[in-house]
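Structure file protein_0.csv (CSV, C-alpha atoms) is printed below.
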chain,number,residue,atom,x,y,z
K,176,MET,CA,-12.6,3.9,103.8
K,177,LYS,CA,-10.9,1.8,101.1
K,178,PRO,CA,-11.7,2.5,97.4
K,179,LEU,CA,-13.8,0.0,95.5
K,180,PHE,CA,-11.7,-2.3,93.2
K,181,LEU,CA,-13.2,-2.5,89.7
K,182,ALA,CA,-11.8,-4.7,87.0
K,183,TYR,CA,-12.4,-4.3,83.3
K,184,TYR,CA,-14.0,-7.4,81.8
K,185,LEU,CA,-13.8,-8.3,78.1
K,186,PRO,CA,-16.9,-10.2,76.9
K,187,GLN,CA,-15.3,-11.3,73.6
K,188,TYR,CA,-14.7,-15.0,74.3
K,189,HIS,CA,-17.5,-16.5,72.3
K,190,PRO,CA,-18.3,-16.7,68.6
K,191,PHE,CA,-20.4,-13.9,67.1
K,192,PRO,CA,-21.3,-13.0,63.5
K,193,GLU,CA,-18.9,-10.1,62.9
K,194,ASN,CA,-15.9,-12.1,64.0
K,195,ASP,CA,-16.9,-15.0,61.8
K,196,GLU,CA,-17.2,-12.6,58.9
K,197,TRP,CA,-13.9,-10.8,59.4
K,198,TRP,CA,-11.6,-13.5,60.6
K,199,GLY,CA,-13.2,-16.9,59.9
K,200,LYS,CA,-15.8,-19.0,61.7
K,201,GLY,CA,-15.1,-19.6,65.3
K,202,PHE,CA,-12.5,-16.8,65.8
K,203,THR,CA,-12.2,-15.4,69.3
K,204,GLU,CA,-9.5,-13.8,71.3
K,205,TRP,CA,-8.2,-17.3,72.2
K,206,THR,CA,-7.1,-17.7,68.6
K,207,ASN,CA,-4.4,-15.0,68.9
K,208,VAL,CA,-3.6,-16.0,72.5
K,209,ALA,CA,-2.9,-19.7,71.6
K,210,LYS,CA,-0.8,-19.0,68.5
K,211,ALA,CA,1.4,-16.3,70.2
K,212,ARG,CA,5.2,-17.1,70.2
K,213,ARG,CA,8.3,-15.8,71.9
K,214,LEU,CA,9.8,-12.9,70.0
K,215,PHE,CA,13.1,-12.6,72.0
K,216,PRO,CA,14.9,-14.6,74.7
K,217,GLY,CA,13.0,-14.5,78.0
K,218,HIS,CA,9.8,-13.3,76.4
K,219,TYR,CA,6.9,-15.0,78.2
K,220,GLN,CA,4.6,-16.3,75.4
K,221,PRO,CA,2.3,-18.0,74.9
K,222,HIS,CA,0.1,-17.3,77.9
K,223,ILE,CA,-2.0,-20.4,78.6
K,224,PRO,CA,-5.1,-20.3,80.9
K,225,ALA,CA,-5.1,-22.7,83.9
K,226,ASP,CA,-8.2,-23.1,86.1
K,227,LEU,CA,-10.8,-21.8,83.6
K,228,GLY,CA,-9.2,-23.2,80.5
K,229,PHE,CA,-10.0,-21.7,77.0
K,230,TYR,CA,-13.5,-20.8,78.1
K,231,ASP,CA,-16.6,-19.9,76.2
K,232,LEU,CA,-18.6,-17.0,77.9
K,233,ARG,CA,-21.9,-18.5,76.7
K,234,VAL,CA,-21.4,-21.1,79.5
K,235,PRO,CA,-22.9,-19.9,82.8
K,236,GLU,CA,-20.7,-22.0,84.9
K,237,VAL,CA,-17.7,-20.1,83.5
K,238,ARG,CA,-19.2,-16.8,84.5
K,239,LYS,CA,-19.9,-18.1,88.0
K,240,ALA,CA,-16.4,-19.4,88.4
K,241,GLN,CA,-15.0,-16.0,87.3
K,242,ALA,CA,-17.1,-14.2,89.9
K,243,GLU,CA,-15.8,-16.6,92.6
K,244,LEU,CA,-12.2,-16.0,91.6
K,245,ALA,CA,-12.8,-12.2,91.6
K,246,ARG,CA,-14.2,-12.4,95.2
K,247,GLU,CA,-11.1,-14.3,96.1
K,248,ALA,CA,-8.9,-11.6,94.6
K,249,GLY,CA,-10.7,-8.8,96.4
K,250,VAL,CA,-12.3,-7.4,93.2
K,251,ASP,CA,-15.6,-5.6,94.1
K,252,CYS,CA,-17.1,-5.2,90.7
K,253,PHE,CA,-16.7,-6.3,87.0
K,254,CYS,CA,-16.7,-3.4,84.6
K,255,TYR,CA,-17.9,-5.0,81.4
K,256,TRP,CA,-16.8,-3.4,78.1
K,257,HIS,CA,-19.9,-2.5,76.2
K,258,TYR,CA,-20.1,-2.3,72.4
K,259,TRP,CA,-22.7,-0.1,70.7
K,260,PHE,CA,-22.3,1.4,67.3
K,261,ASN,CA,-25.3,3.7,66.7
K,262,GLY,CA,-27.8,0.9,67.4
K,263,HIS,CA,-25.6,-2.0,66.3
K,264,LYS,CA,-24.6,-4.2,69.2
K,265,MET,CA,-21.6,-6.6,69.4
K,266,MET,CA,-20.5,-9.1,72.0
K,267,GLU,CA,-23.7,-8.5,73.9
K,268,ARG,CA,-24.7,-12.1,74.6
K,269,PRO,CA,-22.6,-12.8,77.8
K,270,PHE,CA,-23.7,-9.6,79.5
K,271,GLU,CA,-27.4,-10.0,78.5
K,272,GLU,CA,-27.3,-13.5,79.9
K,273,VAL,CA,-25.8,-12.1,83.2
K,274,VAL,CA,-28.7,-9.6,83.5
K,275,ASN,CA,-31.5,-12.0,82.4
K,276,SER,CA,-30.4,-14.9,84.5
K,277,ASP,CA,-29.6,-13.0,87.7
K,278,GLU,CA,-26.3,-15.0,87.8
K,279,PRO,CA,-23.7,-14.6,88.9
K,280,ASP,CA,-24.6,-12.7,92.0
K,281,PHE,CA,-21.7,-10.3,91.7
K,282,PRO,CA,-21.7,-6.5,91.2
K,283,PHE,CA,-21.2,-5.1,87.7
K,284,CYS,CA,-21.1,-1.8,85.8
K,285,LEU,CA,-20.5,-0.9,82.1
K,286,SER,CA,-17.9,1.1,80.2
K,287,TRP,CA,-18.7,2.0,76.6
K,288,ALA,CA,-15.8,1.2,74.2
K,289,ASN,CA,-16.9,4.0,71.9
K,290,HIS,CA,-14.2,3.7,69.3
K,291,SER,CA,-14.0,2.5,65.7
K,292,TRP,CA,-12.5,-0.9,65.0
K,293,TYR,CA,-9.6,-1.4,62.6
K,294,ALA,CA,-8.3,-4.7,61.2
K,295,LYS,CA,-4.8,-4.5,62.6
K,296,THR,CA,-6.1,-4.5,66.2
K,297,TRP,CA,-6.8,-8.2,65.7
K,298,ASN,CA,-4.5,-9.4,62.9
K,299,LYS,CA,-1.0,-8.0,62.3
K,300,ASP,CA,-0.6,-9.7,59.0
K,301,ILE,CA,-3.2,-8.0,56.8
K,302,PRO,CA,-3.6,-4.5,55.4
K,303,ASP,CA,-5.3,-2.2,57.8
K,304,LYS,CA,-8.9,-1.3,57.1
K,305,LEU,CA,-11.9,0.1,59.0
K,306,LEU,CA,-14.1,-2.8,60.2
K,307,ILE,CA,-16.9,-0.8,61.9
K,308,GLU,CA,-17.1,2.9,62.5
K,309,GLN,CA,-18.3,4.5,65.7
K,310,THR,CA,-20.9,7.1,64.9
K,311,TYR,CA,-23.5,8.9,67.0
K,312,GLY,CA,-27.2,9.4,66.2
K,313,GLY,CA,-28.2,12.2,68.6
K,314,VAL,CA,-30.9,12.3,71.3
K,315,LYS,CA,-33.2,9.8,69.5
K,316,GLU,CA,-30.4,7.2,69.3
K,317,TYR,CA,-29.1,8.0,72.8
K,318,THR,CA,-32.6,7.3,74.1
K,319,GLU,CA,-32.7,4.0,72.3
K,320,HIS,CA,-29.3,3.1,73.8
K,321,PHE,CA,-30.5,3.9,77.3
K,322,ASN,CA,-33.7,1.9,76.9
K,323,TYR,CA,-31.7,-1.1,75.7
K,324,LEU,CA,-29.7,-1.0,78.9
K,325,LEU,CA,-32.5,-0.1,81.3
K,326,PRO,CA,-33.0,-3.6,82.6
K,327,ALA,CA,-29.3,-3.6,83.6
K,328,PHE,CA,-29.6,-0.2,85.2
K,329,LYS,CA,-32.5,-1.4,87.3
K,330,ASP,CA,-30.7,-4.5,88.4
K,331,LYS,CA,-29.8,-4.6,92.1
K,332,ARG,CA,-26.3,-5.7,91.2
K,333,TYR,CA,-25.5,-2.6,89.1
K,334,GLN,CA,-22.7,-0.7,90.9
K,335,ARG,CA,-23.7,2.7,92.2
K,336,LYS,CA,-21.8,5.6,93.7
K,337,ASP,CA,-23.8,7.8,96.1
K,338,GLY,CA,-26.9,6.3,94.5
K,339,LYS,CA,-25.9,7.0,91.0
K,340,LEU,CA,-25.1,4.4,88.3
K,341,VAL,CA,-21.4,4.0,87.5
K,342,PHE,CA,-20.9,4.2,83.7
K,343,GLY,CA,-17.7,4.8,81.7
K,344,ILE,CA,-17.0,6.3,78.3
K,345,TYR,CA,-13.7,5.2,76.8
K,346,ASP,CA,-13.1,8.0,74.4
K,347,PRO,CA,-14.9,11.2,75.5
K,348,PHE,CA,-12.7,13.4,73.3
K,349,GLY,CA,-13.7,11.5,70.2
K,350,PHE,CA,-17.4,12.0,71.1
K,351,LYS,CA,-18.1,15.6,70.2
K,352,ASP,CA,-21.7,15.4,71.5
K,353,VAL,CA,-20.8,13.7,74.8
K,354,LYS,CA,-22.3,16.5,77.0
K,355,THR,CA,-25.7,16.1,75.2
K,356,PHE,CA,-25.4,12.3,75.7
K,357,MET,CA,-24.7,12.6,79.4
K,358,ASP,CA,-27.5,15.2,80.0
K,359,THR,CA,-30.0,13.0,78.0
K,360,TRP,CA,-29.1,9.9,80.1
K,361,ASN,CA,-29.3,11.7,83.4
K,362,GLN,CA,-32.8,13.0,82.4
K,363,LEU,CA,-33.9,9.5,81.3
K,364,ALA,CA,-32.6,8.0,84.5
K,365,LYS,CA,-34.7,10.3,86.6
K,366,GLU,CA,-37.8,9.7,84.4
K,367,ASN,CA,-37.3,6.0,85.2
K,368,GLY,CA,-37.0,6.3,88.9
K,369,LEU,CA,-33.2,6.3,89.0
K,370,GLU,CA,-30.9,8.9,90.5
K,371,GLY,CA,-28.8,9.5,87.5
K,372,PHE,CA,-25.2,8.6,86.5
K,373,HIS,CA,-21.8,8.8,88.0
K,374,PHE,CA,-19.9,9.0,84.6
K,375,PHE,CA,-16.2,8.1,84.4
K,376,ALA,CA,-13.6,8.6,81.7
K,377,HIS,CA,-9.9,7.7,81.5
K,378,THR,CA,-7.0,9.6,80.1
K,379,PHE,CA,-3.3,9.2,79.5
K,380,LYS,CA,-2.6,12.9,80.1
K,381,ASP,CA,-2.6,14.8,83.3
K,382,ASN,CA,-3.4,18.0,81.6
K,383,LYS,CA,-6.8,16.6,80.3
K,384,VAL,CA,-8.2,15.9,83.8
K,385,GLU,CA,-9.8,19.3,84.4
K,386,GLU,CA,-11.3,19.4,80.9
K,387,LEU,CA,-13.0,16.0,81.5
K,388,GLN,CA,-14.3,17.2,84.8
K,389,GLY,CA,-15.7,20.3,83.2
K,390,ILE,CA,-17.6,18.2,80.7
K,391,GLY,CA,-19.3,16.4,83.7
K,392,PHE,CA,-17.2,13.3,84.5
K,393,SER,CA,-17.3,12.6,88.2
K,394,THR,CA,-14.3,10.3,88.1
K,395,VAL,CA,-11.3,10.3,85.8
K,396,PHE,CA,-9.0,7.3,85.7
K,397,MET,CA,-5.3,8.1,85.2
K,398,ASP,CA,-3.5,5.6,82.9
K,399,TYR,CA,0.3,5.7,82.5
K,400,THR,CA,0.6,2.5,80.4
K,401,PHE,CA,2.5,4.3,77.6
K,402,VAL,CA,4.6,6.7,79.6
K,403,ARG,CA,8.1,5.6,78.8
K,404,LYS,CA,11.1,6.8,80.9
K,405,SER,CA,13.6,4.0,80.5
K,406,VAL,CA,17.1,4.6,79.1
K,407,GLY,CA,16.7,2.6,75.9
K,408,ARG,CA,13.5,4.2,74.6
K,409,TRP,CA,15.0,5.6,71.4
K,410,LEU,CA,16.7,2.3,70.5
K,411,GLY,CA,13.4,0.5,71.3
K,412,TRP,CA,11.5,3.0,69.1
K,413,LEU,CA,14.0,2.3,66.2
K,414,LEU,CA,13.8,-1.4,66.5
K,415,LEU,CA,10.0,-1.2,66.6
K,416,LYS,CA,9.9,0.9,63.4
K,417,LEU,CA,12.1,-1.6,61.7
K,418,HIS,CA,9.9,-4.5,62.9
K,419,LEU,CA,13.0,-6.1,64.5
K,420,ALA,CA,11.6,-6.2,68.0
K,421,PRO,CA,8.5,-5.1,69.9
K,422,GLN,CA,8.8,-2.0,72.1
K,423,ILE,CA,9.7,-3.1,75.7
K,424,MET,CA,9.2,-1.2,78.9
K,425,PRO,CA,10.4,-2.7,82.2
K,426,TYR,CA,7.4,-3.2,84.5
K,427,MET,CA,9.2,-1.5,87.3
K,428,ASP,CA,9.7,1.6,85.2
K,429,TYR,CA,5.9,1.7,84.8
K,430,VAL,CA,5.4,1.2,88.6
K,431,ARG,CA,7.9,4.0,89.5
K,432,THR,CA,6.3,6.3,86.9
K,433,TYR,CA,2.9,5.7,88.3
K,434,LEU,CA,3.9,6.1,92.0
K,435,SER,CA,5.7,9.4,91.2
K,436,CYS,CA,3.1,10.9,88.9
K,437,TYR,CA,-0.2,9.9,90.6
K,438,SER,CA,-1.2,12.8,92.8
K,439,ASP,CA,-3.8,14.0,95.3
K,440,ARG,CA,-6.6,15.6,93.2
K,441,GLN,CA,-10.4,15.6,93.5
K,442,GLY,CA,-12.2,13.1,91.4
K,443,ILE,CA,-9.0,11.3,90.2
K,444,SER,CA,-8.7,7.5,90.6
K,445,PRO,CA,-5.9,5.2,89.7
K,446,GLN,CA,-6.0,2.7,86.8
K,447,VAL,CA,-3.3,0.0,87.2
K,448,LEU,CA,-2.0,-2.9,85.2
K,449,CYS,CA,-0.7,-6.2,86.5
K,450,SER,CA,1.1,-6.6,83.1
K,451,TRP,CA,0.9,-5.7,79.4
K,452,ASP,CA,1.9,-7.6,76.2
K,453,HIS,CA,0.1,-6.7,73.0
K,454,THR,CA,2.2,-9.0,70.8
K,455,PRO,CA,-0.4,-11.8,70.5
K,456,ARG,CA,-2.3,-9.3,68.4
K,457,SER,CA,0.5,-7.1,67.0
K,458,GLY,CA,3.6,-9.2,66.8
K,459,MET,CA,6.8,-7.1,66.3
K,460,ARG,CA,4.6,-4.0,66.2
K,461,GLY,CA,3.6,-4.7,69.8
K,462,TYR,CA,4.3,-3.0,73.1
K,463,LEU,CA,5.0,-4.9,76.3
K,464,PHE,CA,6.1,-4.7,79.9
K,465,SER,CA,9.0,-6.9,80.9
K,466,GLY,CA,9.6,-8.4,84.3
K,467,SER,CA,6.0,-8.2,85.7
K,468,THR,CA,5.4,-10.8,88.4
K,469,PRO,CA,2.6,-11.3,91.0
K,470,GLU,CA,5.0,-10.2,93.7
K,471,ARG,CA,5.8,-6.9,91.9
K,472,PHE,CA,2.2,-6.3,91.1
K,473,GLY,CA,1.2,-6.9,94.7
K,474,ASN,CA,3.9,-4.6,96.0
K,475,PHE,CA,2.8,-1.9,93.5
K,476,VAL,CA,-0.8,-2.0,94.7
K,477,ASP,CA,0.3,-2.0,98.3
K,478,SER,CA,2.5,1.0,97.7
K,479,LEU,CA,-0.3,2.8,95.8
K,480,LEU,CA,-2.8,2.2,98.7
K,481,SER,CA,-0.2,3.5,101.2
K,482,LYS,CA,0.2,6.6,99.1
K,483,ILE,CA,-3.6,7.1,98.9
K,484,GLU,CA,-3.9,6.9,102.6
K,485,SER,CA,-2.2,10.2,102.9
K,486,PHE,CA,-4.4,11.9,100.4
K,487,LYS,CA,-7.0,14.5,101.4
K,488,ASN,CA,-9.1,13.7,98.3
K,489,LYS,CA,-9.2,9.9,98.6
K,490,PRO,CA,-10.2,8.2,95.3
K,491,SER,CA,-13.5,6.3,95.2
K,492,PHE,CA,-12.2,3.5,92.9
K,493,VAL,CA,-9.1,1.6,91.8
K,494,MET,CA,-9.5,0.2,88.3
K,495,ILE,CA,-7.7,-3.0,87.5
K,496,LYS,CA,-6.8,-3.3,83.8
K,497,SER,CA,-7.9,-6.0,83.4
K,498,TRP,CA,-9.7,-9.1,84.6
K,499,ASN,CA,-9.3,-11.1,81.4
K,500,GLU,CA,-7.6,-9.2,78.5
K,501,TRP,CA,-5.5,-12.2,77.5
K,502,GLY,CA,-4.6,-10.8,74.1
K,503,GLU,CA,-3.1,-7.8,75.7
K,504,GLY,CA,-1.3,-9.8,78.5
K,505,ASN,CA,-3.2,-7.9,81.3
K,506,TYR,CA,-5.3,-10.4,83.2
K,507,LEU,CA,-5.8,-11.6,86.8
K,508,GLU,CA,-7.2,-15.0,85.8
K,509,PRO,CA,-5.0,-18.0,86.6
K,510,ASP,CA,-2.4,-19.1,84.0
K,511,LEU,CA,0.0,-22.1,83.8
K,512,LYS,CA,3.0,-20.0,84.8
K,513,TYR,CA,1.7,-18.2,87.8
K,514,GLY,CA,-1.5,-20.0,88.8
K,515,LYS,CA,-3.5,-17.8,91.1
K,516,GLY,CA,-0.4,-15.7,91.7
K,517,PHE,CA,-1.9,-12.3,90.7
K,518,ILE,CA,-5.2,-13.1,92.5
K,519,LYS,CA,-3.3,-13.8,95.7
K,520,ALA,CA,-1.1,-10.8,95.4
K,521,LEU,CA,-4.0,-8.4,94.9
K,522,ARG,CA,-5.8,-9.9,97.9
K,523,ALA,CA,-2.8,-9.6,100.1
K,524,ALA,CA,-2.2,-6.0,99.2
K,525,ILE,CA,-5.9,-5.1,99.8
K,526,ASP,CA,-5.9,-7.0,103.1
K,527,ASN,CA,-2.8,-5.1,104.2
K,528,HIS,CA,-4.9,-1.9,104.2
K,529,LYS,CA,-8.1,-2.9,105.9
Before anything else, please render the file you have as structure tokens.
Amino acid sequence: MKPLFLAYYLPQYHPFPENDEWWGKGFTEWTNVAKARRLFPGHYQPHIPADLGFYDLRVPEVRKAQAELAREAGVDCFCYWHYWFNGHKMMERPFEEVVNSDEPDFPFCLSWANHSWYAKTWNKDIPDKLLIEQTYGGVKEYTEHFNYLLPAFKDKRYQRKDGKLVFGIYDPFGFKDVKTFMDTWNQLAKENGLEGFHFFAHTFKDNKVEELQGIGFSTVFMDYTFVRKSVGRWLGWLLLKLHLAPQIMPYMDYVRTYLSCYSDRQGISPQVLCSWDHTPRSGMRGYLFSGSTPERFGNFVDSLLSKIESFKNKPSFVMIKSWNEWGEGNYLEPDLKYGKGFIKALRAAIDNHK
């Protein structure tokens, strides 16, 4: 049985009050994407969207078109990033409209981006400062949080695993009360006629997997984005510190690292990138993959699925990072350079293992 392919989905592409306040009226991720520039010879920037254009996620036709492209790619479910700061919601409108309108008819789940926001994440040219802090309010607030999302949890489109609702927590180690949170939500789910939660987390470190499983996470996604094994890493680090060049990792180094490190363990699922380039946000402070192409991405997924076929503990999911993170250069959506190249490559790799 093949794993389900999930794809992280950023709901940021629409104006909302906090962005207007922090960065100026009308700011969205497209602002950084459109003004990005090449920082060295051969650097692919800017990335310009093709089929969907510089879209606004308040437009239902855009969300429907995204779902159609995701089906074409072989993606089974959008995993929407969810933003909740002790009762304060952000970027909630697109997902609320998906739930309230029953459109598009495409599976979804949520992953809580439970981290504080800092200015330099979005603008390299200003002094860093805390924009909004992630805090936790205990059982009363966890209950409020659950009740806000209950209509989504009861939606027939919400992705389940063995009857349980799939829900992610981005930073479990920064959430000291995470076990109480998970126990509270499982109890509230049962009180509302639901079977409970299949919680997932992600980690960059192999030695953290068992700790996460001990807390109660049913799935842990392994992320090797920042594992650097290429020869020039110390020179790259020095140039980065001097702001003379971003840090560059060959995409094929990332692929080889992933295929060599990802192993057969219970409850572990892969989280893979088609590309990465944070320079639209970070400029010379950025980190990027060089040499990523649809063909290389497709071959990576194909090789990964071949490896998984030999596992005793076959993973339930493969997480694609991401569907539409344009400001980080990891997206499957069509652009002017490759068109639907990444979509077609993913579909071909999946079809090769039916």
From the list K:Phe348, K:Trp360, K:Tyr506, K:Trp259, the nearest residue to Phe321 in chain K using only C-alpha atoms is K:Trp360
For range 278-287 of chain K, list every protein, DNA or RNA residue within 7 Å, evaluated using all atoms listed in the file, and leave out those in the same chain fewer than 5 positions away; present the list as a PyMOL selection string. chain K and resi 238-239+242+251-258+273+332-334+341-345
Using Å and a single decimal, report how far CA of Trp198 in chain K sits from CA of Ser497 in chain K. 24.3 Å
Work out how far apart CA of Met424 in chain K and CA of Tyr219 in chain K are and give it in Å to one decimal.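 Atom-to-atom, CA of Met424 in chain K to CA of Tyr219 in chain K, that is 14.0 Å.
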Distance of CA of Trp501 in chain K from CA of Arg335 in chain K, expressed in Å to one decimal place: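 These atoms are spaced 27.7 Å apart.
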Within 10 Å of Glu204 in chain K, counting all atoms listed in the file, which residues show up once you throw out same-chain ones fewer than 4 positions away? Write them as JSON, numbers by chain, please. {"K": [185, 186, 187, 188, 189, 190, 194, 208, 209, 229, 297, 455, 456, 500, 501, 502, 503]}
Which polymer residues have any atom within 12 Å of an atom of Lys512 in chain K, counting all atoms listed in the file, with same-chain residues fewer than 6 positions away left out, as a count of residues only? 10
Identify, on the basis of only C-alpha atoms, every residue whose closest approach to Ser276 in chain K does not exceed 10 Å; exclude the query and any residue fewer than 5 positions from it along the same chain; express the result as a list in words. Pro235, Phe270 and Glu271 of chain K
Got a sec: who's within 10 Å of Gly338 in chain K, counting only C-alpha atoms, leaving out chain neighbours fewer than 2 positions off, as a PyMOL selection string? chain K and resi 334-336+340-341+369-373
Go ahead and write the residues just picked, C-alpha atoms, as a compact mmCIF listing (two decimals), in the coordinates of the input.
# COMPACT_ATOMS: atom_id res chain seq x y z
CA GLN K 334 -22.70 -0.70 90.90
CA ARG K 335 -23.70 2.70 92.20
CA LYS K 336 -21.80 5.60 93.70
CA LEU K 340 -25.10 4.40 88.30
CA VAL K 341 -21.40 4.00 87.50
CA LEU K 369 -33.20 6.30 89.00
CA GLU K 370 -30.90 8.90 90.50
CA GLY K 371 -28.80 9.50 87.50
CA PHE K 372 -25.20 8.60 86.50
CA HIS K 373 -21.80 8.80 88.00
When distances are computed from only C-alpha atoms, which of K:Met265, K:Val384, K:Leu214, K:Leu521 shows the smallest separation from Gly442 in chain K?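 Selected residue with least distance to Gly442 in chain K: K:Val384.
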Hey, which of K:Lys383, K:Asn275, K:Thr400, K:Ile390 ends up closest to His453 in chain K? Count all atoms listed in the file.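 The answer is K:Thr400, which sits nearest to His453 in chain K.
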From the list K:Val237, K:Thr355, K:Gly504, K:Glu247, which residue is nearest Lys315 in chain K when using all atoms listed in the file? K:Thr355
Go through K:Tyr184, K:Gln241, K:Lys365, K:Gly199 and flag the residue nearest Ala288 in chain K, using all atoms listed in the file for the distances. K:Tyr184
Complete range 190-197 of chain K at the level of all heavy atoms, written as a PDB file, in the frame of the given file.
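The resulting file, selection_8.pdb, is shown below:
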ATOM      1  N   PRO K 190     -18.079 -17.063  69.980  1.00  0.00           N
ATOM      2  CA  PRO K 190     -18.300 -16.700  68.600  1.00  0.00           C
ATOM      3  C   PRO K 190     -19.431 -15.746  68.396  1.00  0.00           C
ATOM      4  O   PRO K 190     -20.446 -15.821  69.098  1.00  0.00           O
ATOM      5  CB  PRO K 190     -18.615 -18.081  67.918  1.00  0.00           C
ATOM      6  CG  PRO K 190     -18.162 -19.115  68.896  1.00  0.00           C
ATOM      7  CD  PRO K 190     -18.319 -18.501  70.251  1.00  0.00           C
ATOM      8  N   PHE K 191     -19.269 -14.824  67.454  1.00  0.00           N
ATOM      9  CA  PHE K 191     -20.400 -13.900  67.100  1.00  0.00           C
ATOM     10  C   PHE K 191     -20.217 -13.570  65.609  1.00  0.00           C
ATOM     11  O   PHE K 191     -19.121 -13.704  65.041  1.00  0.00           O
ATOM     12  CB  PHE K 191     -20.486 -12.713  68.001  1.00  0.00           C
ATOM     13  CG  PHE K 191     -19.243 -11.885  68.135  1.00  0.00           C
ATOM     14  CD1 PHE K 191     -19.000 -10.810  67.292  1.00  0.00           C
ATOM     15  CD2 PHE K 191     -18.316 -12.159  69.142  1.00  0.00           C
ATOM     16  CE1 PHE K 191     -17.871 -10.024  67.427  1.00  0.00           C
ATOM     17  CE2 PHE K 191     -17.184 -11.378  69.292  1.00  0.00           C
ATOM     18  CZ  PHE K 191     -16.955 -10.312  68.429  1.00  0.00           C
ATOM     19  N   PRO K 192     -21.288 -13.124  64.951  1.00  0.00           N
ATOM     20  CA  PRO K 192     -21.300 -13.000  63.500  1.00  0.00           C
ATOM     21  C   PRO K 192     -20.194 -12.167  62.900  1.00  0.00           C
ATOM     22  O   PRO K 192     -19.615 -12.522  61.863  1.00  0.00           O
ATOM     23  CB  PRO K 192     -22.684 -12.454  63.177  1.00  0.00           C
ATOM     24  CG  PRO K 192     -23.535 -12.879  64.334  1.00  0.00           C
ATOM     25  CD  PRO K 192     -22.638 -12.859  65.523  1.00  0.00           C
ATOM     26  N   GLU K 193     -19.903 -11.027  63.521  1.00  0.00           N
ATOM     27  CA  GLU K 193     -18.900 -10.100  62.900  1.00  0.00           C
ATOM     28  C   GLU K 193     -17.516 -10.785  62.935  1.00  0.00           C
ATOM     29  O   GLU K 193     -16.787 -10.674  61.938  1.00  0.00           O
ATOM     30  CB  GLU K 193     -18.864  -8.813  63.727  1.00  0.00           C
ATOM     31  CG  GLU K 193     -20.105  -7.943  63.566  1.00  0.00           C
ATOM     32  CD  GLU K 193     -21.226  -8.345  64.509  1.00  0.00           C
ATOM     33  OE1 GLU K 193     -21.050  -9.325  65.283  1.00  0.00           O
ATOM     34  OE2 GLU K 193     -22.281  -7.695  64.470  1.00  0.00           O
ATOM     35  N   ASN K 194     -17.150 -11.446  64.016  1.00  0.00           N
ATOM     36  CA  ASN K 194     -15.900 -12.100  64.000  1.00  0.00           C
ATOM     37  C   ASN K 194     -15.802 -13.242  62.981  1.00  0.00           C
ATOM     38  O   ASN K 194     -14.788 -13.442  62.304  1.00  0.00           O
ATOM     39  CB  ASN K 194     -15.595 -12.731  65.419  1.00  0.00           C
ATOM     40  CG  ASN K 194     -14.733 -11.819  66.276  1.00  0.00           C
ATOM     41  OD1 ASN K 194     -14.287 -10.774  65.832  1.00  0.00           O
ATOM     42  ND2 ASN K 194     -14.512 -12.233  67.512  1.00  0.00           N
ATOM     43  N   ASP K 195     -16.900 -13.983  62.847  1.00  0.00           N
ATOM     44  CA  ASP K 195     -16.900 -15.000  61.800  1.00  0.00           C
ATOM     45  C   ASP K 195     -16.726 -14.444  60.431  1.00  0.00           C
ATOM     46  O   ASP K 195     -16.020 -15.028  59.593  1.00  0.00           O
ATOM     47  CB  ASP K 195     -18.299 -15.749  61.864  1.00  0.00           C
ATOM     48  CG  ASP K 195     -18.437 -16.688  63.046  1.00  0.00           C
ATOM     49  OD1 ASP K 195     -17.422 -16.932  63.736  1.00  0.00           O
ATOM     50  OD2 ASP K 195     -19.552 -17.178  63.287  1.00  0.00           O
ATOM     51  N   GLU K 196     -17.328 -13.287  60.187  1.00  0.00           N
ATOM     52  CA  GLU K 196     -17.200 -12.600  58.900  1.00  0.00           C
ATOM     53  C   GLU K 196     -15.810 -12.111  58.626  1.00  0.00           C
ATOM     54  O   GLU K 196     -15.259 -12.275  57.529  1.00  0.00           O
ATOM     55  CB  GLU K 196     -18.227 -11.503  58.769  1.00  0.00           C
ATOM     56  CG  GLU K 196     -18.147 -10.703  57.482  1.00  0.00           C
ATOM     57  CD  GLU K 196     -19.062  -9.495  57.469  1.00  0.00           C
ATOM     58  OE1 GLU K 196     -19.943  -9.394  58.346  1.00  0.00           O
ATOM     59  OE2 GLU K 196     -18.884  -8.640  56.581  1.00  0.00           O
ATOM     60  N   TRP K 197     -15.230 -11.456  59.626  1.00  0.00           N
ATOM     61  CA  TRP K 197     -13.900 -10.800  59.400  1.00  0.00           C
ATOM     62  C   TRP K 197     -12.753 -11.734  59.480  1.00  0.00           C
ATOM     63  O   TRP K 197     -11.790 -11.551  58.747  1.00  0.00           O
ATOM     64  CB  TRP K 197     -13.771  -9.704  60.505  1.00  0.00           C
ATOM     65  CG  TRP K 197     -14.745  -8.568  60.397  1.00  0.00           C
ATOM     66  CD1 TRP K 197     -15.338  -8.083  59.259  1.00  0.00           C
ATOM     67  CD2 TRP K 197     -15.267  -7.780  61.479  1.00  0.00           C
ATOM     68  NE1 TRP K 197     -16.185  -7.046  59.563  1.00  0.00           N
ATOM     69  CE2 TRP K 197     -16.159  -6.825  60.919  1.00  0.00           C
ATOM     70  CE3 TRP K 197     -15.056  -7.767  62.854  1.00  0.00           C
ATOM     71  CZ2 TRP K 197     -16.831  -5.881  61.699  1.00  0.00           C
ATOM     72  CZ3 TRP K 197     -15.734  -6.828  63.626  1.00  0.00           C
ATOM     73  CH2 TRP K 197     -16.609  -5.903  63.051  1.00  0.00           C
TER      74      TRP K 197
END
